[in-house]
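The file input-v5.txt contains compact mmCIF, C-alpha atoms:
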# COMPACT_ATOMS: atom_id res chain seq x y z
CA MET A 1 -1.38 -5.77 -48.76
CA SER A 2 -1.27 -2.05 -49.42
CA GLU A 3 1.80 -0.66 -51.14
CA ALA A 4 1.48 2.47 -49.01
CA ASP A 5 1.83 0.43 -45.84
CA PRO A 6 5.48 -0.64 -45.42
CA SER A 7 4.66 -2.52 -42.19
CA GLY A 8 3.00 -5.29 -44.18
CA TYR A 9 -0.34 -5.02 -42.37
CA ALA A 10 -3.75 -3.99 -43.58
CA GLU A 11 -4.82 -0.38 -44.00
CA PRO A 12 -4.07 1.69 -40.86
CA SER A 13 -7.77 2.53 -40.45
CA SER A 14 -8.53 -1.22 -40.42
CA LEU A 15 -5.88 -1.78 -37.74
CA LEU A 16 -7.41 0.97 -35.63
CA TYR A 17 -10.86 -0.56 -36.05
CA ARG A 18 -9.56 -3.93 -34.88
CA LEU A 19 -7.80 -2.41 -31.86
CA GLU A 20 -10.91 -0.50 -30.77
CA PHE A 21 -13.05 -3.59 -31.35
CA ILE A 22 -10.83 -5.65 -29.04
CA LEU A 23 -10.95 -2.97 -26.35
CA GLU A 24 -14.73 -2.76 -26.53
CA SER A 25 -15.14 -6.54 -26.64
CA ASP A 26 -13.15 -7.02 -23.43
CA PRO A 27 -13.62 -4.04 -21.06
CA LEU A 28 -11.68 -5.94 -18.37
CA ILE A 29 -8.35 -5.72 -20.20
CA ASP A 30 -5.91 -4.51 -17.54
CA GLU A 31 -2.53 -4.84 -19.23
CA VAL A 32 -1.08 -3.78 -22.57
CA GLY A 33 2.29 -4.75 -23.98
CA PHE A 34 4.17 -4.35 -27.23
CA VAL A 35 5.31 -7.62 -28.77
CA HIS A 36 7.80 -8.35 -31.53
CA PRO A 37 6.14 -10.20 -34.47
CA SER A 38 8.37 -13.22 -33.91
CA GLN A 39 6.90 -13.72 -30.42
CA PHE A 40 3.30 -14.08 -31.56
CA ALA A 41 3.84 -17.73 -32.51
CA ALA A 42 4.94 -18.54 -28.95
CA LEU A 43 1.94 -16.66 -27.54
CA SER A 44 -0.42 -18.58 -29.81
CA ASP A 45 1.08 -21.91 -28.74
CA MET A 46 0.76 -20.97 -25.07
CA SER A 47 -2.87 -19.92 -25.43
CA GLY A 48 -3.88 -23.23 -27.02
CA SER A 49 -6.98 -21.69 -28.62
CA PRO A 50 -7.76 -18.91 -31.06
CA SER A 51 -7.60 -15.42 -29.63
CA LEU A 52 -9.09 -12.19 -30.91
CA SER A 53 -5.84 -11.42 -32.66
CA SER A 54 -5.99 -14.48 -34.87
CA MET A 55 -9.44 -13.76 -36.21
CA SER A 56 -10.37 -11.41 -38.97
CA MET A 57 -13.09 -8.86 -38.35
CA GLU A 58 -15.27 -7.82 -41.25
CA PRO A 59 -16.27 -4.15 -40.91
CA GLN A 60 -19.11 -4.71 -43.35
CA SER A 61 -20.69 -7.53 -41.33
CA ASP A 62 -22.20 -7.59 -37.88
CA LYS A 63 -19.48 -6.46 -35.45
CA SER A 64 -20.48 -9.11 -32.98
CA LYS A 65 -19.43 -11.89 -35.38
CA LEU A 66 -15.85 -13.00 -35.78
CA LYS A 67 -14.66 -15.02 -38.71
CA ALA A 68 -11.76 -17.36 -38.06
CA SER A 69 -8.98 -17.32 -40.62
CA GLN A 70 -5.65 -18.94 -41.11
CA VAL A 71 -3.16 -16.28 -40.08
CA ASN A 72 0.60 -16.53 -40.03
CA PRO A 73 1.64 -15.62 -36.48
CA THR A 74 4.29 -13.22 -37.77
CA ASP A 75 1.57 -11.32 -39.63
CA MET A 76 -0.61 -10.85 -36.55
CA ALA A 77 -1.04 -7.32 -35.24
CA PHE A 78 -2.79 -8.13 -31.96
CA TRP A 79 -2.97 -10.85 -29.34
CA SER A 80 -5.65 -10.83 -26.65
CA ARG A 81 -6.33 -13.42 -23.98
CA ASP A 82 -7.12 -13.49 -20.25
CA HIS A 83 -7.68 -9.73 -20.26
CA LYS A 84 -4.16 -9.06 -21.60
CA LEU A 85 -3.50 -7.30 -24.90
CA GLY A 86 -0.39 -7.57 -27.04
CA ILE A 87 0.26 -5.18 -29.93
CA SER A 88 2.83 -5.90 -32.60
CA THR A 89 5.74 -3.47 -32.58
CA GLN A 90 5.53 -3.25 -36.37
CA ALA A 91 1.93 -2.04 -36.13
CA ILE A 92 2.65 0.83 -33.75
CA HIS A 93 3.54 3.45 -36.37
CA PRO A 94 0.56 2.96 -38.71
CA LEU A 95 -1.74 2.54 -35.72
CA TYR A 96 -0.54 5.79 -34.17
CA ASN A 97 -1.04 7.73 -37.40
CA ALA A 98 -4.56 6.33 -37.82
CA ALA A 99 -5.51 6.93 -34.19
CA LYS A 100 -4.16 10.48 -34.21
CA HIS A 101 -5.99 11.32 -37.42
CA ALA A 102 -9.28 9.81 -36.19
CA PHE A 103 -9.00 11.53 -32.82
CA CYS A 104 -8.14 14.97 -34.20
CA SER A 105 -10.94 14.72 -36.78
CA SER A 106 -13.59 13.73 -34.22
CA LEU A 107 -12.35 16.34 -31.72
CA GLU A 108 -12.55 19.09 -34.35
CA GLN A 109 -16.14 18.14 -35.19
CA TYR A 110 -17.03 17.93 -31.49
CA LYS A 111 -15.70 21.41 -30.74
CA LEU A 112 -17.34 22.83 -33.85
CA LEU A 113 -20.75 21.50 -32.82
CA ILE A 114 -20.39 22.95 -29.31
CA HIS A 115 -19.20 26.36 -30.52
CA LEU A 116 -22.03 26.66 -33.06
CA ASN A 117 -24.67 26.80 -30.35
CA PRO A 118 -23.21 26.26 -26.88
CA LYS A 119 -26.41 27.17 -25.03
CA LYS A 120 -28.76 24.89 -26.91
CA VAL A 121 -26.70 21.80 -27.56
CA GLY A 122 -27.56 19.19 -24.99
CA LEU A 123 -29.96 21.46 -23.12
CA ASP A 124 -32.84 22.27 -25.45
CA SER A 125 -35.14 19.31 -26.15
CA ASP A 126 -35.99 20.82 -29.55
CA ASN A 127 -32.48 20.21 -30.76
CA VAL A 128 -32.84 16.46 -30.94
CA SER A 129 -30.49 16.09 -33.90
CA ASN A 130 -27.83 18.21 -32.22
CA VAL A 131 -28.09 16.18 -29.03
CA SER A 132 -27.75 12.94 -30.99
CA SER A 133 -24.79 14.27 -32.96
CA LEU A 134 -23.10 15.48 -29.78
CA ALA A 135 -23.51 12.10 -28.09
CA THR A 136 -22.11 10.33 -31.15
CA LEU A 137 -19.11 12.65 -31.34
CA GLU A 138 -18.43 12.30 -27.61
CA CYS A 139 -18.39 8.54 -28.05
CA GLU A 140 -15.99 8.86 -30.99
CA VAL A 141 -13.69 11.21 -29.10
CA MET A 142 -13.52 8.89 -26.09
CA LYS A 143 -12.99 5.80 -28.26
CA HIS A 144 -10.22 7.28 -30.41
CA SER A 145 -8.49 9.04 -27.51
CA ARG A 146 -8.25 5.75 -25.61
CA ALA A 147 -6.61 4.03 -28.58
CA LEU A 148 -4.27 6.99 -29.04
CA LEU A 149 -3.19 7.03 -25.39
CA LEU A 150 -2.32 3.33 -25.54
CA LEU A 151 0.15 4.24 -28.29
CA SER A 152 1.33 7.63 -26.98
CA CYS A 153 0.79 8.10 -23.24
CA ASP A 154 2.00 11.73 -23.22
CA PHE A 155 -0.55 13.03 -25.73
CA GLY A 156 -1.87 15.78 -23.46
CA THR A 157 -4.75 16.83 -25.68
CA ALA A 158 -6.23 13.33 -25.51
CA TRP A 159 -6.13 13.35 -21.70
CA ASN A 160 -7.63 16.84 -21.52
CA CYS A 161 -10.50 16.12 -23.89
CA ARG A 162 -11.42 13.05 -21.84
CA LYS A 163 -11.58 15.27 -18.75
CA GLU A 164 -13.82 17.70 -20.60
CA VAL A 165 -16.29 15.06 -21.78
CA VAL A 166 -16.46 13.22 -18.44
CA SER A 167 -16.83 16.47 -16.47
CA LYS A 168 -19.90 17.42 -18.49
CA LYS A 169 -21.52 14.04 -17.92
CA GLN A 170 -20.92 13.95 -14.14
CA ASN A 171 -21.46 10.20 -14.22
CA MET A 172 -19.69 8.20 -11.50
CA MET A 173 -19.18 5.17 -13.76
CA LEU A 174 -17.42 7.33 -16.34
CA TYR A 175 -15.00 8.56 -13.68
CA LEU A 176 -14.24 4.98 -12.68
CA ASP A 177 -13.73 4.09 -16.35
CA GLU A 178 -11.04 6.78 -16.47
CA LEU A 179 -9.17 4.93 -13.75
CA LEU A 180 -9.25 1.83 -15.96
CA VAL A 181 -7.88 3.75 -18.94
CA SER A 182 -5.09 5.14 -16.78
CA THR A 183 -4.33 1.64 -15.48
CA LEU A 184 -3.96 0.41 -19.06
CA VAL A 185 -1.50 3.18 -19.83
CA LEU A 186 0.47 2.58 -16.64
CA SER A 187 0.74 -1.13 -17.48
CA TYR A 188 3.17 -0.29 -20.29
CA SER A 189 4.39 3.13 -19.09
CA PRO A 190 4.49 2.98 -15.26
CA LYS A 191 6.24 6.36 -14.96
CA SER A 192 3.82 8.32 -17.13
CA GLU A 193 3.29 11.62 -15.32
CA ARG A 194 0.12 12.37 -17.28
CA ALA A 195 -1.44 9.02 -16.38
CA TRP A 196 -0.76 9.55 -12.66
CA SER A 197 -2.01 13.13 -12.90
CA HIS A 198 -5.22 11.87 -14.52
CA ARG A 199 -5.80 9.54 -11.55
CA ARG A 200 -5.39 12.49 -9.16
CA TRP A 201 -7.99 14.40 -11.14
CA VAL A 202 -10.44 11.48 -10.91
CA VAL A 203 -9.99 11.12 -7.14
CA LYS A 204 -10.50 14.87 -6.66
CA MET A 205 -13.68 14.79 -8.72
CA ILE A 206 -15.26 11.84 -6.89
CA ALA A 207 -14.16 12.79 -3.36
CA GLY A 208 -17.24 13.62 -1.33
CA LYS A 209 -19.54 12.17 -3.99
CA CYS A 210 -18.64 8.50 -3.96
CA LYS A 211 -20.02 6.24 -1.23
CA ASN A 212 -17.24 3.66 -1.57
CA LEU A 213 -14.36 6.17 -1.74
CA GLN A 214 -12.48 4.33 1.01
CA GLU A 215 -12.51 1.12 -1.04
CA ILE A 216 -11.34 3.03 -4.12
CA LEU A 217 -8.48 4.59 -2.13
CA LYS A 218 -7.50 1.13 -0.87
CA ASN A 219 -7.39 -0.19 -4.45
CA GLU A 220 -5.43 2.87 -5.59
CA SER A 221 -2.86 2.37 -2.85
CA GLU A 222 -2.46 -1.29 -3.78
CA LEU A 223 -2.10 -0.41 -7.47
CA ALA A 224 0.61 2.14 -6.70
CA GLN A 225 2.46 -0.44 -4.61
CA ARG A 226 2.28 -3.11 -7.32
CA ILE A 227 3.56 -0.70 -9.95
CA ALA A 228 6.32 0.59 -7.67
CA GLU A 229 7.39 -2.98 -6.96
CA LYS A 230 7.63 -3.85 -10.67
CA SER A 231 9.13 -0.53 -11.72
CA LYS A 232 12.08 0.33 -9.50
CA MET A 233 12.80 3.94 -8.52
CA ASN A 234 9.28 4.94 -9.52
CA TYR A 235 8.99 8.29 -7.76
CA ARG A 236 5.68 9.11 -9.43
CA ALA A 237 3.96 5.99 -8.09
CA TRP A 238 5.13 6.66 -4.53
CA ASN A 239 4.34 10.35 -4.79
CA TYR A 240 0.80 9.48 -5.87
CA ARG A 241 0.46 7.06 -2.98
CA CYS A 242 1.59 9.74 -0.52
CA TRP A 243 -0.91 12.14 -2.04
CA LEU A 244 -3.75 9.66 -1.43
CA VAL A 245 -3.17 9.84 2.33
CA SER A 246 -4.84 13.25 2.55
CA TYR A 247 -8.13 11.64 1.42
CA MET A 248 -7.95 8.63 3.74
CA PRO A 249 -9.95 8.48 6.97
CA GLU A 250 -7.86 7.94 10.08
CA ASN A 251 -8.74 4.27 10.50
CA GLN A 252 -7.53 3.59 6.96
CA VAL A 253 -4.26 5.42 7.66
CA ILE A 254 -3.67 3.18 10.69
CA ASN A 255 -4.53 0.09 8.66
CA GLU A 256 -2.06 1.11 5.93
CA LEU A 257 0.71 1.45 8.51
CA ILE A 258 0.08 -1.96 10.01
CA LYS A 259 -0.77 -3.82 6.80
CA TYR A 260 2.36 -2.81 4.88
CA ARG A 261 4.87 -2.97 7.71
CA ASP A 262 6.09 -6.41 6.66
CA TRP A 263 6.32 -5.29 3.04
CA ALA A 264 8.48 -2.32 4.02
CA GLY A 265 10.66 -4.67 6.06
CA LEU A 266 11.45 -6.58 2.87
CA HIS A 267 12.36 -3.40 0.94
CA VAL A 268 14.77 -1.73 3.34
CA ALA A 269 16.84 -0.19 0.56
CA ASP A 270 13.83 1.66 -0.87
CA ASN A 271 13.70 5.08 0.76
CA SER A 272 10.41 5.83 -0.98
CA CYS A 273 8.42 3.27 1.01
CA PHE A 274 9.74 4.75 4.26
CA HIS A 275 8.87 8.22 3.03
CA TYR A 276 5.34 6.90 2.55
CA ARG A 277 5.33 5.70 6.15
CA THR A 278 6.44 9.15 7.32
CA ARG A 279 3.45 10.61 5.47
CA LEU A 280 1.10 8.16 7.18
CA LEU A 281 2.58 8.78 10.63
CA THR A 282 2.49 12.54 10.17
CA ARG A 283 -1.21 12.20 9.40
CA THR A 284 -1.76 10.25 12.64
CA LEU A 285 -0.11 13.09 14.56
CA ALA A 286 -2.41 15.65 13.01
CA ASP A 287 -5.49 13.55 13.71
CA SER A 288 -4.55 12.74 17.31
CA PHE A 289 -3.53 16.21 18.49
CA TYR A 290 -5.95 18.36 16.52
CA LYS A 291 -8.97 16.09 17.08
CA GLN A 292 -8.24 14.92 20.61
CA ASP A 293 -11.26 16.82 21.94
CA LEU A 294 -13.62 14.85 19.71
CA LYS A 295 -15.43 11.92 21.30
CA ALA A 296 -16.15 10.07 18.07
CA SER A 297 -15.24 6.39 18.25
CA HIS A 298 -13.26 6.45 15.00
CA VAL A 299 -10.81 9.06 16.27
CA HIS A 300 -7.77 7.46 17.89
CA THR A 301 -6.62 9.02 21.16
CA THR A 302 -3.17 10.47 21.68
CA ALA A 303 -2.33 7.48 23.91
CA GLU A 304 -3.21 5.02 21.13
CA VAL A 305 -1.11 6.93 18.62
CA CYS A 306 1.73 7.09 21.17
CA GLN A 307 1.64 3.29 21.40
CA LEU A 308 1.70 3.07 17.61
CA TRP A 309 4.86 5.19 17.53
CA LYS A 310 6.49 3.03 20.22
CA GLU A 311 5.87 -0.02 18.07
CA GLU A 312 7.27 1.77 15.02
CA LEU A 313 10.43 2.74 16.95
CA SER A 314 10.95 -0.84 18.14
CA TRP A 315 10.38 -2.19 14.63
CA SER A 316 12.81 0.36 13.19
CA GLU A 317 15.49 -0.69 15.68
CA ILE A 318 15.03 -4.35 14.75
CA LEU A 319 15.47 -3.55 11.05
CA ILE A 320 18.60 -1.45 11.68
CA LYS A 321 20.24 -4.30 13.60
CA ARG A 322 19.11 -6.93 11.09
CA TYR A 323 20.06 -5.12 7.87
CA ILE A 324 23.55 -3.70 8.22
CA GLY A 325 24.50 -0.43 6.53
CA ARG A 326 21.09 0.63 5.10
CA GLU A 327 20.95 4.43 4.97
CA ALA A 328 17.18 4.54 4.36
CA LEU A 329 16.62 2.92 7.79
CA TRP A 330 18.75 5.50 9.57
CA LEU A 331 17.03 8.39 7.81
CA TYR A 332 13.67 6.97 8.84
CA ARG A 333 14.99 6.66 12.40
CA ARG A 334 15.74 10.39 12.41
CA PHE A 335 12.15 11.19 11.55
CA LEU A 336 10.82 8.88 14.26
CA ALA A 337 13.23 10.23 16.87
CA LEU A 338 12.52 13.88 16.17
CA CYS A 339 8.74 13.42 16.30
CA TRP A 340 8.95 11.24 19.40
CA ILE A 341 10.94 13.86 21.33
CA LYS A 342 8.84 16.76 20.10
CA HIS A 343 5.34 15.30 20.37
CA PHE A 344 5.49 12.54 22.96
CA ALA A 345 8.54 12.34 25.24
CA ALA A 346 8.55 16.08 26.01
CA ARG A 347 4.83 16.00 26.84
CA MET A 348 5.23 13.00 29.12
CA GLY A 349 8.07 14.51 31.14
CA GLY A 350 11.86 14.70 31.27
CA THR A 351 12.40 11.10 32.36
CA HIS A 352 10.88 9.88 29.11
CA VAL A 353 13.31 12.02 27.10
CA GLU A 354 16.24 10.67 29.11
CA SER A 355 15.00 7.11 28.69
CA PHE A 356 14.68 7.55 24.94
CA VAL A 357 18.15 9.11 24.62
CA ASP A 358 19.71 6.28 26.66
CA ASN A 359 18.08 3.75 24.34
CA GLU A 360 19.47 5.56 21.29
CA LEU A 361 22.95 5.56 22.83
CA GLN A 362 22.68 1.79 23.33
CA LEU A 363 21.67 1.45 19.69
CA PHE A 364 24.67 3.56 18.69
CA ARG A 365 27.08 1.39 20.68
CA SER A 366 25.64 -1.84 19.29
CA CYS A 367 26.08 -0.60 15.71
CA THR A 368 29.61 0.80 15.92
CA THR A 369 31.47 -2.49 16.38
CA VAL A 370 33.46 -3.17 13.21
CA PRO A 371 34.70 -6.82 12.92
CA ASP A 372 38.32 -7.56 12.06
CA ASN A 373 37.38 -8.61 8.51
CA VAL A 374 36.27 -4.99 7.95
CA PHE A 375 33.26 -5.58 5.74
CA GLU A 376 32.23 -2.37 4.05
CA ASP A 377 28.63 -2.70 5.31
CA TYR A 378 29.80 -2.66 8.93
CA GLN A 379 31.83 0.48 8.30
CA SER A 380 28.79 2.12 6.73
CA GLN A 381 26.66 1.03 9.69
CA ALA A 382 29.10 2.60 12.15
CA ALA A 383 29.22 5.80 10.10
CA PHE A 384 25.44 6.04 9.95
CA ALA A 385 25.16 5.38 13.70
CA ALA A 386 27.74 8.05 14.53
CA THR A 387 26.21 10.72 12.30
CA TYR A 388 22.76 9.82 13.68
CA ILE A 389 23.86 10.48 17.27
CA LEU A 390 25.62 13.64 16.14
CA TRP A 391 22.39 14.79 14.51
CA LEU A 392 20.35 13.82 17.58
CA ILE A 393 22.54 15.91 19.88
CA LYS A 394 22.00 18.94 17.63
CA GLN A 395 18.22 18.56 17.95
CA MET A 396 18.28 18.79 21.76
CA ASP A 397 18.15 21.88 23.90
CA GLU A 398 21.48 22.96 25.37
CA PRO A 399 21.31 21.24 28.80
CA GLN A 400 20.25 17.91 27.28
CA SER A 401 22.77 18.29 24.47
CA VAL A 402 25.62 18.89 26.90
CA GLU A 403 24.58 15.98 29.11
CA THR A 404 24.36 13.58 26.16
CA GLY A 405 27.65 14.84 24.74
CA GLU A 406 29.39 14.11 28.02
CA LYS A 407 28.02 10.57 28.00
CA VAL A 408 29.04 9.65 24.48
CA GLY A 409 31.46 12.34 23.29
CA GLU A 410 34.66 10.33 23.59
CA GLU A 411 33.18 7.24 21.92
CA LEU A 412 31.60 9.33 19.17
CA GLU A 413 34.82 11.14 18.34
CA LYS A 414 36.71 7.84 18.19
CA VAL A 415 34.18 6.28 15.80
CA LEU A 416 34.10 9.35 13.55
CA ASN A 417 37.89 9.42 13.26
CA LYS A 418 37.96 5.69 12.48
CA VAL A 419 35.15 5.17 9.92
CA CYS A 420 34.51 8.64 8.49
CA PRO A 421 37.36 11.05 9.35
CA GLU A 422 36.04 13.53 6.78
CA LYS A 423 33.06 14.16 9.10
CA ALA A 424 35.02 14.40 12.36
CA PHE A 425 34.98 18.21 12.17
CA LEU A 426 31.20 18.14 12.71
CA TRP A 427 31.74 17.03 16.31
CA ASP A 428 34.00 20.01 16.87
CA LEU A 429 31.26 22.28 15.53
CA VAL A 430 28.74 20.80 17.95
CA ARG A 431 31.06 21.35 20.88
CA LYS A 432 31.66 24.97 19.87
CA LYS A 433 27.92 25.50 19.54
CA ASN A 434 27.56 24.45 23.19
CA GLY A 435 30.31 26.81 24.30
CA GLY A 436 32.90 24.09 24.71
CA LEU A 437 30.96 22.60 27.62
CA ILE A 438 31.08 19.08 26.14
Kindly present the structure from the file in structure tokens form.
Amino acid sequence: MSEADPSGYAEPSSLLYRLEFILESDPLIDEVGFVHPSQFAALSDMSGSPSLSSMSMEPQSDKSKLKASQVNPTDMAFWSRDHKLGISTQAIHPLYNAAKHAFCSSLEQYKLLIHLNPKKVGLDSDNVSNVSSLATLECEVMKHSRALLLLSCDFGTAWNCRKEVVSKKQNMMLYLDELLVSTLVLSYSPKSERAWSHRRWVVKMIAGKCKNLQEILKNESELAQRIAEKSKMNYRAWNYRCWLVSYMPENQVINELIKYRDWAGLHVADNSCFHYRTRLLTRTLADSFYKQDLKASHVHTTAEVCQLWKEELSWSEILIKRYIGREALWLYRRFLALCWIKHFAARMGGTHVESFVDNELQLFRSCTTVPDNVFEDYQSQAAFAATYILWLIKQMDEPQSVETGEKVGEELEKVLNKVCPEKAFLWDLVRKKNGGLI
């Protein structure tokens, strides 16, 4: 035990070597966690067999050989099994210092070699030694930066140098490896902006070059969903998922809408998942109206997209009636209603607009009944229904607005005064806007 190491572990450089050895030995590791020393005993009992963490690695011997040793679980720095990696919380500080030092040292040498002769290094076959040195340093930079990012996910220089090295190689497998590194970081820091940004960079770089891009986008969407489900209120995960839509072909957009409809129905309080659906539906509008002249079989017609929106409206209504007082559902309904009137009902003729409005008025009436026990959710439901109809009237042209106001004005005013009197003045504003005709 080194006196300079208060954590009680071996030399920091030895810890770093062990961490990097584990990562290289199991490239399929997909999750990293930080474990208190007292929990290693339980992990060892659960595993039932020695793991990489409970074996000593001799730097002087062949790296492929592991020598088993009797290790006190509380003295273990790492635990690795079933592609999961645990790092002792007491080892974080010495590990970080060692990783940072190793990374900065290798990066400095790498930049120095490039700046000495930028034109010849890697390009001139006569500079064999320089090419070999560059390859070695690139390997060191990538190895140390990965270890550093697992300990400090916001170390921007480490992310940037990885971009620089991978960009020069232009190797598809290296780009995919970057997704794995980012996945490792997100496993312990699911809201890391730099990790999500790095994934965007990878997708941008491989778009148009990768034959299985659609499969990669599918996996990326699923990853974002899993992370968002585990990490509540994860705006970055949902924002990334919305961003992916711009790279998806139309058939994949449709599949995403249908495939995750049930999932969204089980997360009605999460506005982010409905925002994702708005992004998907907006994309279907763009594809159907701006590509409707194309005869390609993969392009959905306006009629097919219209049917998709009808199904979404019906599904939305079912959720609103099933889950009382969920604001996210009513906000999503506004999006669907506005797009339906603007892009479909108006194009199909006035009767379709009237039919849609009548259906929305029926929805309003079915949601404004407050039982005698006065549950707060029912009051919220009535308030959301009333403000929704108020909003809908404001979106109509004047004749339609006046006609709808005459149909529901008295009921609407009564509900507003009962469940949300502070918003009753909004109805007066709407009537003034229409010249008092309502």
Would you kindly return, as number ranges by chain, each protein, DNA or RNA residue with an atom no farther than 8 Å from any atom of Ser316 in chain A, considering all atoms listed in the file and excluding same-chain residues fewer than 6 positions away?
A: 329, 332-333
Please identify all polymer residues within 12 Å of Tyr175 in chain A, counting all atoms listed in the file, omitting same-chain residues fewer than 4 positions from it, and present them as a list of chain:residue names.
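So the residues in contact are A:Arg162, A:Lys163, A:Glu164, A:Val165, A:Val166, A:Ser167, A:Lys168, A:Lys169, A:Gln170, A:Asn171, A:Leu179, A:Leu180, A:Val181, A:Ser182, A:His198, A:Arg199, A:Arg200, A:Trp201, A:Val202, A:Val203, A:Lys204, A:Met205, A:Ile206, A:Ala207, A:Lys209, A:Cys210, A:Ile216.
When CA of Arg194 in chain A is paired with CA of Thr157 in chain A, their separation reads 10.7 Å.
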Just to confirm, what's the straight-line distance from CA of Gly409 in chain A to CA of Met348 in chain A in Å (one decimal)?
26.9 Å
Excluding same-chain residues fewer than 6 positions from range 349-364 of chain A, what lies within 8 Å of it counting only C-alpha atoms, as a count of residues only?
8
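The space separating CA of Tyr388 in chain A from CA of Trp309 in chain A comes to 18.9 Å.
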Residues near Lys310 in chain A, cut-off 12 Å, only C-alpha atoms, skip fewer than 4 positions along chain, as a PyMOL selection string:
chain A and resi 281+303-306+314-317+336-337+339-341+344-345+356
I'd like the neighbourhood of Tyr188 in chain A as JSON, numbers by chain, where a residue qualifies if any of its atoms comes within 10 Å (using only C-alpha atoms), though same-chain residues fewer than 2 positions away should be ignored.
{"A": [31, 32, 33, 34, 150, 151, 153, 183, 184, 185, 186, 190, 191, 192]}
Nearest candidate to Thr282 in chain A (options A:Tyr247, A:Trp427, A:Phe335, A:Tyr240; using all atoms listed in the file):
A:Phe335
Here is a test: counting only C-alpha atoms, which residue of A:Met233, A:Ala98, A:Met248, A:Cys242 is nearest to Asn212 in chain A?
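Using only C-alpha atoms, the shortest distance to Asn212 in chain A belongs to A:Met248.
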